[in-house]
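Colleague: Here it is, the structure in full.
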Amino acid sequence: MNSASIAETTSPADLFAHQAAAFAVAPYPSRRERRANLTRLLHALLAHQDELATAIDHDFKGRSRDEVLFSEIYVAVNAIRHARRHLKGWMAPRPRHVGWPLQPAQAWVLPQPLGVVGIIVPWNYPVFLSMSPLAGALAAGNRVLLKPSEYTPETSALLARIISTTFPPDLVAVAPGDAAIGRAFAALPFNHLLFTGATAVGRDVMRAAAEHLTPVTLELGGKSPAIVAADANLSRAAADIVYGKLLNSGQTCIAPDYVLIPNASLRRFVEALRQAVGRYYPDAQYTSIISDKHSQRLWSYLEEAQARGVEAITLPVKRGFAPTILINPPQDLKVMRDEIFGPILPLKTYSTLEEAISYVNQHERPLALYLFTRSQETIDRVLTHTISGGVCINDTLLHIAAENLPFGGVGASGMGHYHGQEGFDTFSKLKPVFLRRWLGMGRLLRPPHTRLHDWMRRVLIR
């Protein structure tokens with residue numbers, strides 16, 4: 001039986017056992033092996049990029065090829081290349097200082113592979129959110145089991161074929177299936193588990209992982225605010241927010257969920273949003289909502305807002321769910337309590353910057369925060385008086401593409417980091433090592449206690 005058929009016919013539990021056994025035999029892949037694995041992954045992704053774009057378009061029933069190539073393929077390729085380029089430095093032992101009472105000795109931190117890493121992939125960016133963490137896990141020397149989403153069946157099947165022809169199943173394998181398979185997957189005794197998805201599901205994943213004390217990285221979401229300061233360039237801010245909100249039709253975990261805008265700037269900002277939508281989407285290059293279920297959820301937000309008399313402004317596009325602005329919706333509406341995950345943009349007005357900061361801090365900590373201003377004082381104030389997974393100033397989304405920056409949430413928006421060296425470290429055991437060279441001062445502290453001990457105690461404790 002070849003590797004492709006093994007991966008397709010074997011249960012997640014059997015695949016896990018297969019990988020765990022292989023890791024036990026070879027627990028520390030060389031840098032050459034890891035680099036070769038990253039190179040194979042890179043070549044596979046580049047060779048199949050057009051097929052992946054087509055599969056994603058079919059699963060979404062309409063997603064721009066250009067959008068996929070940038071927001072899925074490019075950022076995944078960038079992550080793999082970054083890991084390959086920095087692998088030598090990441091793997092190297094990291095020297096640590098040893099205080100004089102412990103001399104003569106050496107100390108260092110040794111990054112060591114954890115074993116078998118599980119990655120649960122969401123439907124909204126099925127390539128990027130599988131390939132980027134896979135690159136980090138392979139760079140760290142692990143075996144990896146991927147669980148793609150059932151909402152993107154064509155893409156998931158293609159990813160399974162690509163992986164099975166690129167790697168043996170005891171190194172990397174894909175376990176497709178429905179939600180029941182996903183629950184069984186999360187309950188496996190992984191050495192680390194990465195989940196990207198909704199906060200409610202993240203809680204279930206964490207409960208399942210707790211049975212084996214499996215460490216988890218949760219990349220969730222929440223309501224990421226965009227604060228437009230009084231001194232911001234409204235036209236540029238609107239264009240940046242439209243880009244961040246409507247990429248993938250708002251089905252992005254770090255999409256601006258709502259905007260805080262000064263009272264005096266509201267109507268000019270609405271007009272700037274209208275112009276930006278017309279400029280960016282003059283044709284049908286606009287992504288569809290993934291399923292009828294998700295569309296109905298978005299429509300329910302608008303129906304509830306309409307029933308409460310909220311002003312709604314529709315910005316027409318040629319296909320798909322039209323972008324809709326809601327002006328000052330009450331806080332008790334579902335659209336203001338749930339992560340929207342679609343092209344609905346609430347605008348909330350404020351009088352002072354402190355009022356905007358207070359509004360953000362009254363709610364759960366977001367995955368991303370966006371700030372538009374020309375003032376360094378405003379930047380410093382918002383950075384030091386709000387807590388979020390990440391911050392992007394005078395733009396949206398692009399911090400996720402900076403591989404030298406860690407990516408991760410805080411509180412309800414997640415825990416842990418990956419990307420770049422932080423991803424390598426997440427998928428590694430950073431093992432502290434202490435080496436005694438020869439007889440040292442530490443031995444003088446052993447019993448029986450004498451006057452020498454009293455003198456040493458006074459010197460050390462002061």
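Each chain of the structure tokens is named A, B, ... in the order shown, its residues numbered from 1; ligands are numbered from 1 in display order.
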Taking the DSSP secondary structure from the backbone, can you list the residues of stretch 317-459 of chain A that are helix (DSSP H, G or I), as a ChimeraX atom specification?
Modeller: /A:334-337,353-361,376-385,398-401,411-413,420-426,441-445,451-459
Colleague: Find the residues of stretch 223-260 of chain A that sit at most 12 Å from stretch 120-137 of chain A; for each, write down the nearest two atoms and how far apart they are in Å, to one decimal. Count only C-alpha atoms. Sort by chain, then by number going up, and give it as CSV.
Modeller:
residue,atom,partner,partner_atom,distance
A:Leu247,CA,A:Asn124,CA,10.9
A:Asn248,CA,A:Asn124,CA,7.8
A:Ser249,CA,A:Asn124,CA,10.1
A:Gly250,CA,A:Asn124,CA,9.7
A:Gln251,CA,A:Asn124,CA,6.1
A:Thr252,CA,A:Asn124,CA,6.7
A:Cys253,CA,A:Asn124,CA,8.5
A:Ile254,CA,A:Asn124,CA,11.5
A:Ala255,CA,A:Asn124,CA,11.8
Colleague: I'd like the contact shell of stretch 441-456 of chain A - 9 Å cut-off, only C-alpha atoms, skipping same-chain residues fewer than 6 positions apart - returned as a list in words.
Modeller: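 The contact residues come out as Trp100, Pro101, Leu102, Gln103 and Pro104 of chain A.
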Colleague: Put those residues in a file: N, CA, C and O atoms, as a compact mmCIF listing (two decimals), in the first residue's frame.
Modeller:
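again_18.txt, freshly written:
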# COMPACT_ATOMS: atom_id res chain seq x y z
N TRP A 100 28.38 33.85 39.17
CA TRP A 100 29.69 33.44 39.70
C TRP A 100 29.62 32.38 40.80
O TRP A 100 30.51 31.54 40.89
N PRO A 101 28.54 32.33 41.62
CA PRO A 101 28.53 31.27 42.63
C PRO A 101 28.44 29.86 42.04
O PRO A 101 28.74 28.88 42.72
N LEU A 102 27.99 29.75 40.79
CA LEU A 102 27.86 28.43 40.16
C LEU A 102 29.05 28.08 39.28
O LEU A 102 29.08 27.01 38.67
N GLN A 103 30.01 28.98 39.16
CA GLN A 103 31.17 28.73 38.31
C GLN A 103 32.09 27.70 38.94
O GLN A 103 32.09 27.52 40.16
N PRO A 104 32.90 27.05 38.10
CA PRO A 104 32.96 27.10 36.63
C PRO A 104 31.92 26.16 36.02
O PRO A 104 31.84 24.99 36.38
Colleague: What separation in Å, quoted to one decimal, exists between atom CA of A:Gly408 and atom CA of A:Glu219?
Modeller: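 Value for the atom CA of A:Gly408-atom CA of A:Glu219 distance: 6.0 Å.
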Colleague: Run DSSP on the backbone and tell me which residues of stretch 23-199 of chain A come out as strand (DSSP E); list them as an mmCIF file with N, CA and C atoms, in the first residue's frame.
Modeller:
data_model
loop_
_atom_site.group_PDB
_atom_site.id
_atom_site.type_symbol
_atom_site.label_atom_id
_atom_site.label_comp_id
_atom_site.auth_asym_id
_atom_site.auth_seq_id
_atom_site.Cartn_x
_atom_site.Cartn_y
_atom_site.Cartn_z
ATOM 1 N N ARG A 94 21.291 27.998 22.631
ATOM 2 C CA ARG A 94 21.229 29.414 23.013
ATOM 3 C C ARG A 94 21.925 29.597 24.364
ATOM 4 N N PRO A 95 23.149 30.156 24.359
ATOM 5 C CA PRO A 95 23.914 30.281 25.602
ATOM 6 C C PRO A 95 23.199 31.150 26.627
ATOM 7 N N ARG A 96 23.332 30.778 27.896
ATOM 8 C CA ARG A 96 22.798 31.554 28.999
ATOM 9 C C ARG A 96 23.898 31.828 30.022
ATOM 10 N N ALA A 105 31.113 26.689 35.113
ATOM 11 C CA ALA A 105 30.050 25.905 34.486
ATOM 12 C C ALA A 105 29.581 26.615 33.225
ATOM 13 N N GLN A 106 28.798 25.913 32.451
ATOM 14 C CA GLN A 106 28.164 26.487 31.279
ATOM 15 C C GLN A 106 26.668 26.191 31.341
ATOM 16 N N ALA A 107 25.873 27.023 30.675
ATOM 17 C CA ALA A 107 24.434 26.784 30.582
ATOM 18 C C ALA A 107 23.948 27.214 29.209
ATOM 19 N N TRP A 108 22.981 26.489 28.707
ATOM 20 C CA TRP A 108 22.389 26.864 27.429
ATOM 21 C C TRP A 108 20.985 26.276 27.336
ATOM 22 N N VAL A 109 20.242 26.765 26.343
ATOM 23 C CA VAL A 109 18.911 26.247 26.041
ATOM 24 C C VAL A 109 18.991 25.503 24.718
ATOM 25 N N LEU A 110 18.543 24.254 24.719
ATOM 26 C CA LEU A 110 18.561 23.421 23.516
ATOM 27 C C LEU A 110 17.146 23.279 22.979
ATOM 28 N N PRO A 111 16.837 23.844 21.792
ATOM 29 C CA PRO A 111 15.520 23.611 21.176
ATOM 30 C C PRO A 111 15.416 22.161 20.705
ATOM 31 N N GLN A 112 14.393 21.481 21.135
ATOM 32 C CA GLN A 112 14.246 20.057 20.863
ATOM 33 C C GLN A 112 12.845 19.786 20.321
ATOM 34 N N PRO A 113 12.699 18.934 19.300
ATOM 35 C CA PRO A 113 11.357 18.614 18.788
ATOM 36 C C PRO A 113 10.470 18.031 19.888
ATOM 37 N N VAL A 116 4.775 14.685 18.039
ATOM 38 C CA VAL A 116 3.709 14.737 17.043
ATOM 39 C C VAL A 116 2.834 15.958 17.325
ATOM 40 N N VAL A 117 2.716 16.817 16.337
ATOM 41 C CA VAL A 117 1.939 18.049 16.457
ATOM 42 C C VAL A 117 0.643 17.904 15.666
ATOM 43 N N GLY A 118 -0.472 18.273 16.270
ATOM 44 C CA GLY A 118 -1.756 18.295 15.584
ATOM 45 C C GLY A 118 -2.126 19.711 15.192
ATOM 46 N N ILE A 119 -2.636 19.877 13.983
ATOM 47 C CA ILE A 119 -3.045 21.194 13.484
ATOM 48 C C ILE A 119 -4.465 21.092 12.955
ATOM 49 N N ILE A 120 -5.390 21.803 13.579
ATOM 50 C CA ILE A 120 -6.792 21.848 13.143
ATOM 51 C C ILE A 120 -6.985 23.116 12.325
ATOM 52 N N ARG A 143 6.768 15.595 13.753
ATOM 53 C CA ARG A 143 5.832 14.923 12.855
ATOM 54 C C ARG A 143 4.501 15.675 12.976
ATOM 55 N N VAL A 144 3.708 15.713 11.913
ATOM 56 C CA VAL A 144 2.529 16.578 11.907
ATOM 57 C C VAL A 144 1.323 15.859 11.325
ATOM 58 N N LEU A 145 0.189 16.015 12.019
ATOM 59 C CA LEU A 145 -1.098 15.507 11.554
ATOM 60 C C LEU A 145 -2.038 16.690 11.393
ATOM 61 N N LEU A 146 -2.582 16.847 10.179
ATOM 62 C CA LEU A 146 -3.458 17.974 9.848
ATOM 63 C C LEU A 146 -4.907 17.522 9.770
ATOM 64 N N LYS A 147 -5.809 18.338 10.339
ATOM 65 C CA LYS A 147 -7.253 18.100 10.200
ATOM 66 C C LYS A 147 -7.864 19.303 9.484
ATOM 67 N N VAL A 172 4.195 13.551 7.743
ATOM 68 C CA VAL A 172 3.061 14.477 7.632
ATOM 69 C C VAL A 172 1.895 13.720 7.019
ATOM 70 N N ALA A 173 0.719 13.883 7.599
ATOM 71 C CA ALA A 173 -0.479 13.246 7.059
ATOM 72 C C ALA A 173 -1.682 14.143 7.281
ATOM 73 N N VAL A 174 -2.713 13.923 6.481
ATOM 74 C CA VAL A 174 -3.956 14.688 6.567
ATOM 75 C C VAL A 174 -5.072 13.743 6.980
ATOM 76 N N HIS A 192 1.684 18.654 20.974
ATOM 77 C CA HIS A 192 1.199 20.039 20.917
ATOM 78 C C HIS A 192 0.039 20.062 19.935
ATOM 79 N N LEU A 193 -0.946 20.904 20.213
ATOM 80 C CA LEU A 193 -2.128 21.012 19.356
ATOM 81 C C LEU A 193 -2.386 22.475 19.048
ATOM 82 N N LEU A 194 -2.477 22.777 17.760
ATOM 83 C CA LEU A 194 -2.807 24.137 17.300
ATOM 84 C C LEU A 194 -4.200 24.120 16.695
ATOM 85 N N PHE A 195 -5.066 24.983 17.218
ATOM 86 C CA PHE A 195 -6.423 25.110 16.690
ATOM 87 C C PHE A 195 -6.653 26.545 16.255
ATOM 88 N N THR A 196 -7.189 26.713 15.052
ATOM 89 C CA THR A 196 -7.608 28.021 14.567
ATOM 90 C C THR A 196 -9.095 27.940 14.257
#
Colleague: Taking 2 positions as the minimum chain separation for residues in the same chain, which residues sit within 8 Å of stretch 179-187 of chain A when counting only C-alpha atoms? Answer as a PyMOL selection string.
Modeller: chain A and resi 12-13+118+120+147+150+176-177+189+193+205+208-209+211-212
Colleague: Would you output that residue set with N, CA and C atoms, as a compact mmCIF listing (two decimals), in the first residue's frame?
Modeller:
# COMPACT_ATOMS: atom_id res chain seq x y z
N PRO A 12 -7.41 8.77 12.25
CA PRO A 12 -6.48 9.70 12.90
C PRO A 12 -5.69 9.07 14.03
N ALA A 13 -6.35 8.19 14.82
CA ALA A 13 -5.65 7.56 15.94
C ALA A 13 -4.51 6.66 15.44
N GLY A 118 -0.47 18.27 16.27
CA GLY A 118 -1.76 18.30 15.58
C GLY A 118 -2.13 19.71 15.19
N ILE A 120 -5.39 21.80 13.58
CA ILE A 120 -6.79 21.85 13.14
C ILE A 120 -6.98 23.12 12.33
N LYS A 147 -5.81 18.34 10.34
CA LYS A 147 -7.25 18.10 10.20
C LYS A 147 -7.86 19.30 9.48
N GLU A 150 -14.31 20.48 7.01
CA GLU A 150 -15.30 19.83 6.14
C GLU A 150 -16.05 20.86 5.28
N PRO A 176 -8.85 13.97 6.94
CA PRO A 176 -10.09 14.68 6.60
C PRO A 176 -11.27 14.06 7.33
N GLY A 177 -12.38 14.81 7.35
CA GLY A 177 -13.58 14.27 7.98
C GLY A 177 -14.46 15.35 8.55
N PRO A 189 -3.55 12.24 22.03
CA PRO A 189 -2.51 12.72 22.95
C PRO A 189 -1.33 13.37 22.23
N LEU A 193 -0.95 20.90 20.21
CA LEU A 193 -2.13 21.01 19.36
C LEU A 193 -2.39 22.47 19.05
N VAL A 205 -12.04 22.31 22.21
CA VAL A 205 -10.74 21.74 21.88
C VAL A 205 -9.84 21.71 23.11
N ALA A 208 -10.85 18.93 25.46
CA ALA A 208 -10.42 17.62 24.98
C ALA A 208 -8.92 17.44 25.19
N ALA A 209 -8.15 18.47 24.93
CA ALA A 209 -6.70 18.39 25.08
C ALA A 209 -6.29 18.24 26.54
N GLU A 211 -7.41 16.39 28.77
CA GLU A 211 -7.42 14.99 29.22
C GLU A 211 -6.00 14.41 29.21
N HIS A 212 -5.19 14.84 28.23
CA HIS A 212 -3.81 14.34 28.11
C HIS A 212 -2.78 15.42 28.50
Colleague: Which residues are close to A:Leu69, i.e. within 9 Å by only C-alpha atoms, leaving aside same-chain residues fewer than 6 positions away? Reply as a list in words.
Modeller: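 That gives Gln49, Asp50, Ala53 and Val75 of chain A.
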Colleague: Quick one: write out the picked residues with all heavy atoms as a PDB file, in the first residue's frame?
Modeller:
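Contents of selection_11.pdb, as written:
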ATOM      1  N   GLN A  49      -0.237  25.606  -6.970  1.00  0.00           N
ATOM      2  CA  GLN A  49      -0.916  26.840  -6.579  1.00  0.00           C
ATOM      3  C   GLN A  49      -2.168  27.112  -7.405  1.00  0.00           C
ATOM      4  O   GLN A  49      -3.193  27.562  -6.872  1.00  0.00           O
ATOM      5  CB  GLN A  49       0.052  28.026  -6.652  1.00  0.00           C
ATOM      6  CG  GLN A  49       0.700  28.257  -7.996  1.00  0.00           C
ATOM      7  CD  GLN A  49       1.693  29.409  -7.955  1.00  0.00           C
ATOM      8  OE1 GLN A  49       1.348  30.530  -7.609  1.00  0.00           O
ATOM      9  NE2 GLN A  49       2.934  29.137  -8.308  1.00  0.00           N
ATOM     10  N   ASP A  50      -2.115  26.841  -8.706  1.00  0.00           N
ATOM     11  CA  ASP A  50      -3.286  27.094  -9.543  1.00  0.00           C
ATOM     12  C   ASP A  50      -4.427  26.129  -9.210  1.00  0.00           C
ATOM     13  O   ASP A  50      -5.599  26.530  -9.162  1.00  0.00           O
ATOM     14  CB  ASP A  50      -2.919  26.981 -11.021  1.00  0.00           C
ATOM     15  CG  ASP A  50      -2.033  28.137 -11.482  1.00  0.00           C
ATOM     16  OD1 ASP A  50      -2.173  29.249 -10.922  1.00  0.00           O
ATOM     17  OD2 ASP A  50      -1.204  27.929 -12.377  1.00  0.00           O
ATOM     18  N   ALA A  53      -5.995  27.319  -5.986  1.00  0.00           N
ATOM     19  CA  ALA A  53      -6.852  28.494  -6.196  1.00  0.00           C
ATOM     20  C   ALA A  53      -8.190  28.086  -6.796  1.00  0.00           C
ATOM     21  O   ALA A  53      -9.253  28.606  -6.415  1.00  0.00           O
ATOM     22  CB  ALA A  53      -6.140  29.508  -7.098  1.00  0.00           C
ATOM     23  N   VAL A  75       1.545  34.288   1.310  1.00  0.00           N
ATOM     24  CA  VAL A  75       1.909  34.331   2.723  1.00  0.00           C
ATOM     25  C   VAL A  75       2.386  32.966   3.216  1.00  0.00           C
ATOM     26  O   VAL A  75       3.263  32.866   4.078  1.00  0.00           O
ATOM     27  CB  VAL A  75       0.740  34.862   3.584  1.00  0.00           C
ATOM     28  CG1 VAL A  75       0.594  36.354   3.416  1.00  0.00           C
ATOM     29  CG2 VAL A  75      -0.568  34.160   3.259  1.00  0.00           C
TER      30      VAL A  75
END
Colleague: Set the distance at 7 Å and use only C-alpha atoms: which residues neighbour stretch 373-375 of chain A once local chain neighbours fewer than 3 positions away are removed? I'd like the list as a list of chain:residue names.
Modeller: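 Near neighbours after the sequence-gap exclusion: A:Val228, A:Ala229, A:Asp231, A:Ala232, A:Thr378, A:Ile379, A:Asn394.
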Colleague: Would you kindly return, as a list of chain:residue names, each protein, DNA or RNA residue with an atom no farther than 7 Å from any atom of A:Arg34, considering only C-alpha atoms and excluding same-chain residues fewer than 3 positions away?
Modeller: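 Once the adjacent positions are removed, what remains is A:Pro29, A:Ser30, A:Arg31, A:Asn37, A:Leu38, A:Leu138, A:Ala139, A:Gly141.
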Colleague: Selected residues, N, CA, C and O atoms, written as a PDB file, in the first residue's frame, please.
Modeller:
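And here is the file that came out, part.pdb:
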ATOM      1  N   PRO A  29      15.665  15.165  14.112  1.00  0.00           N
ATOM      2  CA  PRO A  29      16.091  15.297  12.714  1.00  0.00           C
ATOM      3  C   PRO A  29      17.184  16.351  12.567  1.00  0.00           C
ATOM      4  O   PRO A  29      17.160  17.392  13.233  1.00  0.00           O
ATOM      5  N   SER A  30      18.114  16.101  11.686  1.00  0.00           N
ATOM      6  CA  SER A  30      19.200  17.043  11.446  1.00  0.00           C
ATOM      7  C   SER A  30      18.682  18.289  10.727  1.00  0.00           C
ATOM      8  O   SER A  30      17.576  18.306  10.176  1.00  0.00           O
ATOM      9  N   ARG A  31      19.522  19.316  10.727  1.00  0.00           N
ATOM     10  CA  ARG A  31      19.142  20.538  10.011  1.00  0.00           C
ATOM     11  C   ARG A  31      18.969  20.237   8.525  1.00  0.00           C
ATOM     12  O   ARG A  31      18.075  20.789   7.869  1.00  0.00           O
ATOM     13  N   ASN A  37      12.769  18.929   4.142  1.00  0.00           N
ATOM     14  CA  ASN A  37      11.313  18.850   4.307  1.00  0.00           C
ATOM     15  C   ASN A  37      10.642  20.171   3.951  1.00  0.00           C
ATOM     16  O   ASN A  37       9.598  20.192   3.290  1.00  0.00           O
ATOM     17  N   LEU A  38      11.239  21.274   4.377  1.00  0.00           N
ATOM     18  CA  LEU A  38      10.686  22.584   4.044  1.00  0.00           C
ATOM     19  C   LEU A  38      10.762  22.839   2.545  1.00  0.00           C
ATOM     20  O   LEU A  38       9.836  23.419   1.958  1.00  0.00           O
ATOM     21  N   LEU A 138       7.527  21.603  11.130  1.00  0.00           N
ATOM     22  CA  LEU A 138       8.576  20.848  10.455  1.00  0.00           C
ATOM     23  C   LEU A 138       9.951  21.442  10.742  1.00  0.00           C
ATOM     24  O   LEU A 138      10.933  20.708  10.927  1.00  0.00           O
ATOM     25  N   ALA A 139      10.035  22.761  10.767  1.00  0.00           N
ATOM     26  CA  ALA A 139      11.309  23.395  11.099  1.00  0.00           C
ATOM     27  C   ALA A 139      11.779  22.973  12.482  1.00  0.00           C
ATOM     28  O   ALA A 139      12.984  22.772  12.712  1.00  0.00           O
ATOM     29  N   GLY A 141      11.296  20.159  13.774  1.00  0.00           N
ATOM     30  CA  GLY A 141      11.669  18.753  13.754  1.00  0.00           C
ATOM     31  C   GLY A 141      10.581  17.777  14.132  1.00  0.00           C
ATOM     32  O   GLY A 141      10.869  16.621  14.462  1.00  0.00           O
TER      33      GLY A 141
END
Colleague: Between A:Asn142, A:Gln331, A:Thr214, A:Gln296, single out the one closest to A:Leu171, counting only C-alpha atoms.
Modeller: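 Nearest to A:Leu171: A:Asn142.
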Colleague: Between atom CA of A:Arg268 and atom CA of A:Ser300, what is the distance in Å, rounded to a tenth?
Modeller: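 Between atom CA of A:Arg268 and atom CA of A:Ser300 the gap is 28.0 Å.
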Colleague: So, with only C-alpha atoms as the atoms that count, which of A:Thr39, A:Val270, A:Leu246, A:Asp170 lies closest to A:Ile289?
Modeller: A:Leu246
Colleague: In Å to one decimal, how far is atom CA of A:Pro215 from atom CA of A:Leu430?
Modeller: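 Computed distance, atom CA of A:Leu430 to atom CA of A:Pro215, equals 13.9 Å.
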Colleague: Calculated over only C-alpha atoms, which of the candidates A:Ile227, A:Ala76, A:Leu345, A:Val310 has the smallest distance to A:Leu383?
Modeller: A:Ile227
Colleague: Using only C-alpha atoms, can you tell me which of A:Val25, A:Ala401, A:Val360, A:Leu369 comes closest to A:Ile73?
Modeller: A:Ala401
Colleague: Determine the nearest neighbour of A:Asp66 from the options A:Leu405, A:Ala79, A:Ile344, A:Leu52, counting only C-alpha atoms.
Modeller: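 Closest candidate: A:Leu52.
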Colleague: Which of these, A:Thr165, A:Gln306, A:Ser428, A:Ser288, has the shortest distance to A:His43 once you count only C-alpha atoms?
Modeller: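 Selected residue with least distance to A:His43: A:Thr165.
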